[in-house]
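Structure data (TSV, C-alpha atoms) from target_11.tsv:
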chain	number	residue	atom	x	y	z
A	77	MET	CA	168.06	-103.31	-84.21
A	78	LEU	CA	165.58	-106.01	-83.37
A	79	THR	CA	165.80	-109.43	-84.89
A	80	MET	CA	162.66	-111.52	-85.40
A	81	MET	CA	163.10	-115.26	-84.78
A	82	GLU	CA	160.62	-118.12	-85.29
A	83	TYR	CA	160.13	-120.76	-82.64
A	84	PRO	CA	158.42	-123.92	-84.00
A	85	GLY	CA	157.99	-125.41	-80.54
A	86	PRO	CA	154.66	-123.79	-79.52
A	87	MET	CA	152.96	-124.70	-82.79
A	88	GLY	CA	153.81	-128.36	-82.27
A	89	GLN	CA	152.47	-128.19	-78.77
A	90	LEU	CA	149.20	-126.68	-80.04
A	91	SER	CA	148.76	-129.43	-82.59
A	92	ARG	CA	149.43	-132.07	-79.97
A	93	ALA	CA	146.92	-130.37	-77.65
A	94	GLY	CA	144.30	-130.62	-80.39
A	95	GLU	CA	145.04	-134.31	-80.75
A	96	LEU	CA	144.61	-134.86	-77.00
A	97	ARG	CA	140.96	-133.88	-77.18
A	98	MET	CA	140.04	-137.35	-78.60
A	99	PRO	CA	142.60	-139.77	-77.25
A	100	PHE	CA	140.72	-142.84	-78.66
A	101	SER	CA	141.77	-144.76	-81.70
A	102	ASP	CA	139.56	-145.19	-84.75
A	103	GLY	CA	138.70	-148.78	-83.78
A	104	VAL	CA	137.35	-147.70	-80.39
A	105	LYS	CA	135.32	-144.92	-82.00
A	106	TYR	CA	133.71	-147.37	-84.45
A	107	CYS	CA	132.89	-149.81	-81.62
A	108	ILE	CA	131.14	-147.08	-79.63
A	109	LEU	CA	129.20	-146.03	-82.73
A	110	ALA	CA	128.17	-149.63	-83.42
A	111	MET	CA	126.96	-150.13	-79.82
A	112	SER	CA	124.95	-146.91	-79.99
A	113	LEU	CA	123.26	-147.98	-83.23
A	114	THR	CA	122.48	-151.43	-81.77
A	115	LEU	CA	120.82	-149.92	-78.69
A	116	LEU	CA	118.85	-147.54	-80.90
A	117	LEU	CA	117.56	-150.39	-83.09
A	118	LEU	CA	116.65	-152.43	-79.98
A	119	ALA	CA	114.67	-149.51	-78.50
A	120	LEU	CA	112.85	-148.98	-81.82
A	121	GLY	CA	111.98	-152.69	-81.98
A	122	ILE	CA	110.54	-152.69	-78.45
A	123	LEU	CA	108.52	-149.57	-79.24
A	124	ALA	CA	107.12	-151.13	-82.45
A	125	TRP	CA	106.17	-154.34	-80.57
A	126	GLN	CA	104.31	-152.41	-77.87
A	127	ILE	CA	102.41	-150.40	-80.51
A	128	PHE	CA	101.44	-153.64	-82.29
A	129	ARG	CA	100.17	-155.23	-79.06
A	130	CYS	CA	98.15	-152.13	-78.17
A	131	CYS	CA	96.50	-152.02	-81.60
A	132	LYS	CA	95.73	-155.75	-81.45
A	133	GLU	CA	94.09	-155.50	-78.02
A	134	GLN	CA	91.98	-152.53	-79.10
A	135	HIS	CA	90.86	-154.41	-82.23
A	136	THR	CA	89.84	-157.47	-80.19
A	137	THR	CA	87.95	-155.28	-77.70
A	138	TYR	CA	86.05	-153.56	-80.49
A	139	ILE	CA	85.05	-156.91	-82.04
A	140	GLN	CA	83.75	-158.25	-78.70
A	141	GLN	CA	81.84	-155.06	-77.95
A	142	ASP	CA	80.16	-155.11	-81.38
A	143	THR	CA	79.25	-158.78	-80.92
A	144	VAL	CA	77.75	-158.13	-77.50
A	145	ARG	CA	75.71	-155.17	-78.74
A	146	SER	CA	74.38	-156.99	-81.80
A	147	ASP	CA	73.73	-160.46	-80.42
A	148	LEU	CA	73.32	-160.59	-76.66
A	149	LEU	CA	71.84	-157.29	-75.57
A	150	TYR	CA	68.26	-158.05	-76.48
A	151	SER	CA	65.99	-155.12	-77.27
A	152	GLU	CA	62.39	-154.59	-76.23
A	153	GLU	CA	61.16	-156.14	-79.49
A	154	LYS	CA	62.26	-159.57	-78.28
A	155	PRO	CA	60.01	-161.86	-76.22
A	156	ILE	CA	59.30	-160.97	-72.61
A	157	GLU	CA	61.65	-163.61	-71.21
A	158	PHE	CA	64.66	-161.71	-72.63
A	159	GLU	CA	63.71	-158.16	-71.69
A	160	ASN	CA	65.81	-158.21	-68.50
A	161	TYR	CA	69.08	-158.41	-70.50
A	162	SER	CA	68.54	-155.38	-72.73
A	163	GLY	CA	71.59	-153.55	-71.40
A	164	ALA	CA	74.97	-154.64	-70.15
A	165	LEU	CA	75.04	-152.01	-67.43
A	166	SER	CA	71.36	-151.09	-66.99
A	167	THR	CA	70.17	-153.64	-64.44
A	168	LYS	CA	67.08	-153.38	-62.30
A	169	VAL	CA	67.43	-153.08	-58.54
A	170	GLU	CA	64.95	-155.62	-57.24
A	171	ASP	CA	63.69	-156.01	-53.74
A	172	VAL	CA	65.69	-158.55	-51.76
A	173	ARG	CA	62.65	-160.51	-50.63
A	174	ILE	CA	61.26	-160.80	-54.15
A	175	ALA	CA	64.63	-161.88	-55.51
A	176	ALA	CA	65.10	-164.42	-52.71
A	177	HIS	CA	61.64	-165.86	-53.29
A	178	ARG	CA	62.29	-166.05	-57.03
A	179	LEU	CA	65.63	-167.72	-56.43
A	180	SER	CA	64.14	-170.33	-54.11
A	181	ARG	CA	61.35	-170.99	-56.62
A	182	CYS	CA	63.80	-171.36	-59.48
A	183	LEU	CA	65.99	-173.69	-57.46
A	184	SER	CA	63.10	-176.00	-56.61
A	185	ALA	CA	63.10	-179.53	-57.90
A	186	ALA	CA	60.16	-178.97	-60.23
A	187	SER	CA	61.70	-176.06	-62.15
A	188	SER	CA	65.19	-177.51	-62.38
A	189	SER	CA	64.26	-180.98	-63.63
A	190	LEU	CA	64.78	-180.05	-67.29
A	191	SER	CA	68.00	-178.07	-66.85
A	192	VAL	CA	69.62	-180.88	-64.83
A	193	SER	CA	68.81	-183.50	-67.48
A	194	SER	CA	72.28	-183.26	-69.05
A	195	MET	CA	73.96	-183.80	-65.65
A	196	VAL	CA	71.84	-186.73	-64.49
A	197	ASP	CA	73.45	-189.17	-66.91
A	198	GLU	CA	76.90	-187.97	-65.87
A	199	ASP	CA	76.03	-188.49	-62.19
A	200	ILE	CA	74.76	-191.98	-63.02
A	201	ARG	CA	78.01	-192.82	-64.80
A	202	GLU	CA	80.08	-191.57	-61.86
A	203	GLN	CA	77.97	-193.50	-59.37
A	204	THR	CA	78.07	-196.69	-61.44
A	205	ALA	CA	81.84	-196.31	-61.80
A	206	ILE	CA	82.04	-196.46	-57.98
A	207	LYS	CA	80.29	-199.79	-57.56
A	208	LYS	CA	81.17	-200.24	-53.91
A	209	VAL	CA	82.39	-197.80	-51.28
A	210	ASP	CA	84.37	-199.19	-48.37
A	211	GLY	CA	85.72	-197.42	-45.35
A	212	SER	CA	84.61	-195.08	-42.60
A	213	VAL	CA	85.52	-191.69	-41.13
A	214	ARG	CA	85.84	-190.92	-37.43
A	215	PHE	CA	85.64	-187.25	-36.55
A	216	SER	CA	84.48	-184.83	-33.87
A	217	VAL	CA	82.26	-181.74	-34.17
A	218	TYR	CA	82.06	-178.84	-31.75
A	219	TYR	CA	80.38	-175.42	-32.01
A	220	ASP	CA	81.97	-172.67	-29.93
A	221	GLN	CA	79.13	-170.25	-29.14
A	222	LEU	CA	81.40	-167.61	-27.60
A	223	GLN	CA	83.51	-167.25	-30.74
A	224	SER	CA	80.79	-168.39	-33.21
A	225	ARG	CA	83.14	-170.97	-34.65
A	226	LEU	CA	82.57	-174.53	-35.82
A	227	VAL	CA	85.45	-176.87	-35.06
A	228	VAL	CA	85.70	-180.13	-37.03
A	229	THR	CA	88.51	-182.53	-36.19
A	230	VAL	CA	89.23	-185.52	-38.44
A	231	LEU	CA	90.49	-188.32	-36.24
A	232	GLN	CA	90.79	-191.41	-38.42
A	233	VAL	CA	89.98	-192.78	-41.88
A	234	GLY	CA	90.01	-196.55	-42.09
A	235	GLY	CA	88.82	-199.53	-44.08
A	236	LEU	CA	89.64	-198.07	-47.50
A	237	GLN	CA	89.89	-200.52	-50.36
A	238	GLN	CA	92.99	-200.57	-52.58
A	239	HIS	CA	91.84	-199.77	-56.14
A	240	SER	CA	95.24	-199.93	-57.84
A	241	GLU	CA	98.06	-202.44	-57.41
A	242	THR	CA	100.74	-200.10	-58.78
A	243	ARG	CA	100.57	-197.45	-56.08
A	244	SER	CA	99.32	-197.08	-52.54
A	245	LEU	CA	96.50	-194.84	-51.38
A	246	GLN	CA	97.25	-191.32	-50.13
A	247	PRO	CA	93.86	-190.23	-48.77
A	248	PHE	CA	92.95	-186.75	-47.60
A	249	VAL	CA	89.66	-185.29	-46.36
A	250	LYS	CA	87.87	-182.26	-47.83
A	251	ILE	CA	85.20	-180.63	-45.61
A	252	ARG	CA	82.38	-178.50	-47.00
A	253	LEU	CA	79.68	-176.66	-45.02
A	254	MET	CA	76.35	-176.20	-46.85
A	255	TRP	CA	73.07	-174.51	-45.96
A	256	ALA	CA	69.91	-176.63	-45.87
A	257	GLY	CA	66.70	-174.74	-46.67
A	258	SER	CA	66.12	-171.50	-48.59
A	259	GLU	CA	62.86	-169.87	-47.50
A	260	GLY	CA	62.92	-170.24	-43.74
A	261	VAL	CA	64.46	-167.69	-41.45
A	262	GLU	CA	66.50	-170.26	-39.54
A	263	LEU	CA	68.88	-172.24	-41.71
A	264	GLU	CA	70.21	-175.61	-40.65
A	265	GLY	CA	73.78	-176.52	-41.49
A	266	LEU	CA	74.73	-179.62	-43.44
A	267	LYS	CA	78.35	-180.75	-43.23
A	268	ASP	CA	79.80	-182.80	-46.07
A	269	GLU	CA	83.10	-184.67	-45.82
A	270	GLU	CA	84.74	-186.16	-48.91
A	271	VAL	CA	87.61	-188.66	-48.77
A	272	ARG	CA	89.84	-188.41	-51.84
A	273	ASP	CA	92.93	-190.19	-53.12
A	274	PHE	CA	95.73	-187.69	-53.75
A	275	ASP	CA	97.46	-187.70	-57.15
A	276	LYS	CA	99.72	-184.77	-58.05
A	277	PHE	CA	99.91	-185.76	-61.73
A	278	SER	CA	96.18	-186.16	-62.34
A	279	ARG	CA	92.77	-185.42	-60.85
A	280	HIS	CA	92.11	-186.63	-57.32
A	281	THR	CA	89.85	-189.67	-57.07
A	282	VAL	CA	86.81	-189.38	-54.80
A	283	LEU	CA	86.61	-192.49	-52.62
A	284	GLY	CA	83.37	-191.61	-50.80
A	285	GLU	CA	81.61	-189.01	-48.70
A	286	VAL	CA	79.81	-188.61	-45.37
A	287	ARG	CA	76.92	-186.18	-44.79
A	288	VAL	CA	75.91	-185.04	-41.32
A	289	ASP	CA	72.88	-182.87	-40.52
A	290	LEU	CA	74.10	-180.54	-37.78
A	291	GLY	CA	70.55	-179.47	-36.91
A	292	GLN	CA	69.83	-182.91	-35.49
A	293	LEU	CA	72.90	-182.99	-33.22
A	294	ASP	CA	73.80	-181.35	-29.93
A	295	ILE	CA	77.24	-179.94	-30.70
A	296	SER	CA	77.50	-177.54	-27.76
A	297	TYR	CA	80.26	-179.85	-26.55
A	298	PRO	CA	82.74	-181.96	-28.61
A	299	LEU	CA	80.77	-184.84	-30.15
A	300	GLU	CA	82.66	-187.75	-31.69
A	301	LEU	CA	81.07	-189.60	-34.62
A	302	GLN	CA	82.01	-192.45	-36.93
A	303	ASN	CA	80.09	-192.89	-40.20
A	304	ASP	CA	80.54	-195.17	-43.19
A	305	LEU	CA	81.48	-193.69	-46.55
A	306	GLN	CA	78.68	-193.31	-49.10
A	307	ILE	CA	78.59	-192.82	-52.87
A	308	PRO	CA	79.25	-189.12	-53.68
A	309	GLN	CA	76.27	-187.00	-54.77
A	310	LYS	CA	75.95	-183.57	-56.38
A	311	ASP	CA	74.18	-180.61	-54.73
A	312	LEU	CA	72.31	-177.72	-56.31
A	313	VAL	CA	74.00	-174.43	-55.37
A	314	GLY	CA	72.69	-171.96	-57.96
A	315	GLU	CA	71.82	-171.23	-61.58
A	316	VAL	CA	73.56	-169.73	-64.61
A	317	LEU	CA	71.89	-167.99	-67.55
A	318	LEU	CA	73.89	-169.12	-70.58
A	319	SER	CA	73.56	-168.10	-74.23
A	320	LEU	CA	74.81	-170.22	-77.14
A	321	LYS	CA	75.21	-169.34	-80.81
A	322	PHE	CA	76.79	-171.50	-83.52
A	323	LEU	CA	78.22	-169.99	-86.72
A	324	PRO	CA	78.65	-172.86	-89.24
A	325	THR	CA	80.41	-170.81	-91.93
A	326	SER	CA	83.30	-169.70	-89.74
A	327	GLN	CA	83.05	-172.83	-87.53
A	328	ARG	CA	82.80	-170.75	-84.36
A	329	LEU	CA	80.82	-171.17	-81.15
A	330	GLU	CA	79.89	-168.10	-79.09
A	331	VAL	CA	79.20	-168.74	-75.41
A	332	GLY	CA	77.50	-165.84	-73.63
A	333	LEU	CA	77.61	-165.64	-69.86
A	334	LEU	CA	74.64	-163.46	-68.87
A	335	LYS	CA	73.69	-163.94	-65.20
A	336	VAL	CA	74.61	-166.07	-62.21
A	337	ARG	CA	72.34	-166.80	-59.23
A	338	VAL	CA	73.86	-168.29	-56.12
A	339	VAL	CA	72.13	-169.75	-53.07
A	340	LEU	CA	72.01	-167.37	-50.12
A	341	GLY	CA	74.96	-167.81	-47.81
A	342	GLU	CA	77.74	-165.81	-46.19
A	343	MET	CA	78.24	-162.66	-48.29
A	344	CYS	CA	81.52	-160.72	-48.20
A	345	SER	CA	81.93	-157.20	-49.51
A	346	ASP	CA	85.15	-158.06	-51.36
A	347	ALA	CA	83.87	-161.30	-52.91
A	348	VAL	CA	83.93	-161.46	-56.71
A	349	LEU	CA	82.75	-164.13	-59.15
A	350	TYR	CA	84.21	-165.22	-62.45
A	351	ALA	CA	83.50	-168.10	-64.82
A	352	ARG	CA	85.80	-170.45	-66.66
A	353	VAL	CA	84.51	-171.95	-69.92
A	354	SER	CA	86.21	-174.91	-71.59
A	355	ILE	CA	85.22	-176.89	-74.69
A	356	GLN	CA	86.22	-180.43	-75.57
A	357	CYS	CA	85.73	-181.71	-79.13
A	358	ASN	CA	86.38	-185.37	-79.93
A	359	GLN	CA	88.86	-185.90	-77.09
A	360	CYS	CA	90.62	-182.61	-78.03
A	361	LYS	CA	90.42	-179.98	-75.31
A	362	LEU	CA	90.51	-176.38	-76.51
A	363	PRO	CA	92.22	-173.64	-74.45
A	364	TYR	CA	89.84	-172.41	-71.79
A	365	GLN	CA	88.71	-168.81	-71.44
A	366	LYS	CA	87.87	-166.81	-68.31
A	367	SER	CA	85.34	-164.07	-67.89
A	368	SER	CA	85.97	-160.83	-66.08
A	369	ALA	CA	85.57	-160.71	-62.30
A	370	VAL	CA	82.30	-159.15	-61.09
A	371	SER	CA	81.30	-158.30	-57.53
A	372	ARG	CA	79.13	-161.02	-56.05
A	373	CYS	CA	75.49	-160.24	-55.29
A	374	LEU	CA	72.18	-162.08	-55.27
A	375	VAL	CA	72.00	-161.96	-59.08
A	376	THR	CA	75.42	-161.28	-60.60
A	377	VAL	CA	75.24	-159.78	-64.10
A	378	PHE	CA	78.09	-160.51	-66.56
A	379	ASN	CA	76.73	-159.99	-70.12
A	380	GLU	CA	80.00	-161.22	-71.61
A	381	VAL	CA	80.71	-163.22	-74.78
A	382	LEU	CA	83.48	-165.80	-75.19
A	383	MET	CA	84.27	-166.96	-78.74
A	384	PHE	CA	85.76	-170.38	-79.59
A	385	SER	CA	87.08	-171.57	-82.95
A	386	LEU	CA	86.06	-175.22	-83.29
A	387	PRO	CA	88.04	-177.88	-85.15
A	388	GLU	CA	86.69	-179.75	-88.17
A	389	SER	CA	85.17	-182.50	-86.03
A	390	PRO	CA	81.33	-182.76	-85.93
A	391	LEU	CA	79.60	-180.42	-83.51
A	392	ASP	CA	77.71	-183.25	-81.80
A	393	GLN	CA	81.06	-184.48	-80.44
A	394	CYS	CA	81.71	-181.24	-78.56
A	395	LYS	CA	81.12	-180.66	-74.85
A	396	ILE	CA	80.85	-177.30	-73.07
A	397	MET	CA	81.81	-177.09	-69.39
A	398	VAL	CA	81.19	-173.94	-67.33
A	399	SER	CA	82.73	-173.54	-63.86
A	400	VAL	CA	81.98	-170.62	-61.52
A	401	TYR	CA	84.63	-169.56	-59.00
A	402	GLU	CA	84.68	-167.13	-56.09
A	403	THR	CA	87.70	-165.16	-54.91
A	404	HIS	CA	88.42	-162.08	-52.80
A	405	THR	CA	90.01	-158.85	-53.98
A	406	THR	CA	91.48	-157.65	-50.68
A	407	SER	CA	93.11	-160.93	-49.63
A	408	LYS	CA	95.34	-163.35	-51.51
A	409	SER	CA	93.22	-166.37	-50.66
A	410	ALA	CA	92.89	-169.26	-53.07
A	411	ARG	CA	89.92	-169.46	-55.40
A	412	ASN	CA	86.86	-171.42	-54.34
A	413	MET	CA	84.80	-173.26	-56.93
A	414	ILE	CA	81.08	-172.68	-56.35
A	415	GLY	CA	79.81	-175.17	-58.94
A	416	GLN	CA	79.85	-176.27	-62.56
A	417	PHE	CA	77.65	-177.76	-65.28
A	418	CYS	CA	77.98	-179.22	-68.78
A	419	VAL	CA	76.08	-178.73	-72.03
A	420	TRP	CA	76.52	-181.41	-74.67
A	421	LYS	CA	74.83	-184.08	-76.77
A	422	GLU	CA	74.91	-187.77	-76.05
A	423	LYS	CA	73.96	-190.76	-78.15
A	424	ASN	CA	70.97	-191.66	-75.98
A	425	SER	CA	69.80	-188.25	-74.80
A	426	GLU	CA	70.20	-184.71	-76.12
A	427	ASP	CA	70.33	-181.58	-74.03
A	428	GLU	CA	67.40	-179.21	-74.60
A	429	HIS	CA	69.61	-176.16	-74.92
A	430	TRP	CA	71.82	-177.95	-77.43
A	431	THR	CA	68.74	-178.84	-79.52
A	432	LEU	CA	67.53	-175.22	-79.59
A	433	MET	CA	70.99	-174.01	-80.61
A	434	MET	CA	71.13	-176.42	-83.55
A	435	HIS	CA	67.61	-175.48	-84.67
A	436	THR	CA	68.30	-171.72	-84.55
A	437	VAL	CA	71.69	-171.41	-86.24
A	438	ARG	CA	73.32	-167.93	-86.20
A	439	GLN	CA	70.88	-166.82	-83.48
A	440	PRO	CA	71.68	-166.71	-79.75
A	441	VAL	CA	69.57	-168.93	-77.51
A	442	ALA	CA	69.57	-168.30	-73.73
A	443	MET	CA	68.55	-170.77	-71.03
A	444	TRP	CA	69.02	-171.24	-67.30
A	445	HIS	CA	71.25	-174.13	-66.16
A	446	SER	CA	71.59	-175.60	-62.70
A	447	LEU	CA	74.91	-175.07	-60.96
A	448	LEU	CA	76.00	-178.28	-59.24
A	449	ILE	CA	78.84	-179.28	-56.98

Encoded form using structure tokens:
Amino acid sequence: MLTMMEYPGPMGQLSRAGELRMPFSDGVKYCILAMSLTLLLLALGILAWQIFRCCKEQHTTYIQQDTVRSDLLYSEEKPIEFENYSGALSTKVEDVRIAAHRLSRCLSAASSSLSVSSMVDEDIREQTAIKKVDGSVRFSVYYDQLQSRLVVTVLQVGGLQQHSETRSLQPFVKIRLMWAGSEGVELEGLKDEEVRDFDKFSRHTVLGEVRVDLGQLDISYPLELQNDLQIPQKDLVGEVLLSLKFLPTSQRLEVGLLKVRVVLGEMCSDAVLYARVSIQCNQCKLPYQKSSAVSRCLVTVFNEVLMFSLPESPLDQCKIMVSVYETHTTSKSARNMIGQFCVWKEKNSEDEHWTLMMHTVRQPVAMWHSLLI
């Protein structure tokens, strides 16, 4: 006769085995759940922020494209002087000789007398601010024909006058090589040396400059020279076709950068140009804006609009400054400023472009401006 007996031991072991599957307490489980929810909310927030930025950038791009199409891309019904800017990407391929001749003609003194009128008064103020220039620069110049390299060695700067009693002078020399002549086949070099007072908290002060015509010197061997400092002068290096439009209702100023012409010089395949536009209204400087970088050529076409929201101050107290820079895409070299110019209204004289903009409100007005350095 068989007797059936119950053993409670295995059932207890099975229940304990089921409990061993999740050996964590309730507090630990809730902490893990809270951390998971926090990470999920953080990921959703980052995703929403990226979607908002993408939509905002697309909206701004659409507004700028509509403004360019409606205001700056002149159609064939406009006057003949604007027919070259009818398309942002449809540019004519001109012959190099014709373009060079046109550039040299446009950069002549007779054609640029009106466009430089706004900068003449500024040059006069800078030159009158420097009443007297003291000091001299001693340097040597040598042209290595085997390596086609010009070697300039600054030896000594002396005789500088102390302009401030609070700090001592920290002079340094900036050397610039310019091309003299535009139509001839042989170009003569002009070397310009500027002596400046270094100031890391402000703009460097120009103490004077020395200009040397290399075509009149025999620099096949090291030649040592010592010249006195002269009052700094500005040089014409190119032209910029600028368009201005003022919207009085929304208190906005639209600055259109159309074309840039630069004097013929050393051209690099990786050289690109870009412009930096800044506006100052009643001693209040607005945030500057930069254009896109475009490959440098004889006539660089931008066709780009930059919009500025002006403060409540009168428009005649505003000043527009345009600076053109050159940089290289393949190398990490520092930017090189080609030149700059200003458009503004003064109490004694008024810029011609500024007058046309005020007379034709809500309509873009384009004009060439001389690029100076």

Problem set entry | Nearby residues (all atoms listed in the file) at most 10 Å from A:Val230, same-chain spacing under 2 positions excluded, as number ranges by chain | A: 213-217, 228, 232-233, 248-249, 251, 269, 300-301

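The nearest approach to A:Ser326 among the residues A:Met383, A:Cys373, A:Ile307, A:Met443, with only C-alpha atoms taken into account, belongs to A:Met383.
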
Exercise. Distance atom CA of A:Trp430-atom CA of A:Phe384, one decimal place?
Worked result: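 Between atom CA of A:Trp430 and atom CA of A:Phe384 the gap works out to 16.0 Å.
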
Problem set entry | Pairwise distance for atom CA of A:Glu402 and atom CA of A:Val370, rounded to one decimal in Å | 9.7 Å

Sphere at (88.0, -166.9, -63.7), radius 9 Å, counting only C-alpha atoms: residues as a PDB file with C-alpha atoms, in the coordinates of the input:
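Written out: selection-v9.pdb:
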ATOM      1  CA  LEU A 349      82.750-164.130 -59.150  1.00  0.00           C
ATOM      2  CA  TYR A 350      84.210-165.220 -62.450  1.00  0.00           C
ATOM      3  CA  ALA A 351      83.500-168.100 -64.820  1.00  0.00           C
ATOM      4  CA  ARG A 352      85.800-170.450 -66.660  1.00  0.00           C
ATOM      5  CA  VAL A 353      84.510-171.950 -69.920  1.00  0.00           C
ATOM      6  CA  GLN A 365      88.710-168.810 -71.440  1.00  0.00           C
ATOM      7  CA  LYS A 366      87.870-166.810 -68.310  1.00  0.00           C
ATOM      8  CA  SER A 367      85.340-164.070 -67.890  1.00  0.00           C
ATOM      9  CA  SER A 368      85.970-160.830 -66.080  1.00  0.00           C
ATOM     10  CA  ALA A 369      85.570-160.710 -62.300  1.00  0.00           C
ATOM     11  CA  SER A 399      82.730-173.540 -63.860  1.00  0.00           C
ATOM     12  CA  VAL A 400      81.980-170.620 -61.520  1.00  0.00           C
ATOM     13  CA  TYR A 401      84.630-169.560 -59.000  1.00  0.00           C
ATOM     14  CA  GLU A 402      84.680-167.130 -56.090  1.00  0.00           C
ATOM     15  CA  THR A 403      87.700-165.160 -54.910  1.00  0.00           C
ATOM     16  CA  ARG A 411      89.920-169.460 -55.400  1.00  0.00           C
TER      17      ARG A 411
END

Exercise. By how many Å are atom CA of A:Val286 and atom CA of A:Ala410 apart?
Worked result: 24.6 Å

Exercise. From the list A:Lys335, A:Arg252, A:Ala124, A:Thr281, which residue is nearest A:Arg372 when using all atoms listed in the file?
Worked result: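 Under the stated criterion, the closest residue is A:Lys335.
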
For this session: Pick out the closest residue to A:Leu386 from this set: A:Lys421, A:Arg287, A:Lys361, A:His280. Count only C-alpha atoms.
Result: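 Smallest separation from A:Leu386 among the options: A:Lys361.
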
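Residues within 9 Å of stretch 357-359 of chain A, counting only C-alpha atoms and excluding same-chain residues fewer than 6 positions away, are Leu386, Pro387, Ser389, Pro390, Leu391, Asp392, Gln393, Cys394, Lys395 and Ile396 of chain A.
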
Residues just named, written with C-alpha atoms as a tab-separated table (two decimals), in the frame of the given file:
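result04.tsv written:
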chain	number	residue	atom	x	y	z
A	386	LEU	CA	86.06	-175.22	-83.29
A	387	PRO	CA	88.04	-177.88	-85.15
A	389	SER	CA	85.17	-182.50	-86.03
A	390	PRO	CA	81.33	-182.76	-85.93
A	391	LEU	CA	79.60	-180.42	-83.51
A	392	ASP	CA	77.71	-183.25	-81.80
A	393	GLN	CA	81.06	-184.48	-80.44
A	394	CYS	CA	81.71	-181.24	-78.56
A	395	LYS	CA	81.12	-180.66	-74.85
A	396	ILE	CA	80.85	-177.30	-73.07

Exercise. Can you list, as a list in words, every protein, DNA or RNA residue that comes within 12 Å of A:Ser407 when you count all atoms listed in the file, leaving out same-chain residues fewer than 5 positions away?
Worked result: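 Counting all atoms listed in the file, the residues come to Cys344, Ser345, Asp346, Ala347 and Val348 of chain A.
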
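Proximity to A:Pro324 was assessed for A:Ser385, A:Thr114, A:Gln306, A:Gln221 counting all atoms listed in the file; the smallest distance is recorded for A:Ser385.
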
Could you give me, as a tab-separated table (two decimals) with C-alpha atoms, in the coordinates of the input, the residues within 8 Å of A:Asp210, counting all atoms listed in the file and dropping anything in the same chain fewer than 5 positions from it?
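Output (selection.tsv):
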chain	number	residue	atom	x	y	z
A	235	GLY	CA	88.82	-199.53	-44.08
A	236	LEU	CA	89.64	-198.07	-47.50
A	237	GLN	CA	89.89	-200.52	-50.36
A	304	ASP	CA	80.54	-195.17	-43.19
A	305	LEU	CA	81.48	-193.69	-46.55

Exercise. What's the 6 Å shell around A:Arg337, counting all atoms listed in the file, without same-chain residues fewer than 2 positions away, as JSON, numbers by chain?
Worked result: {"A": [314, 315, 375]}
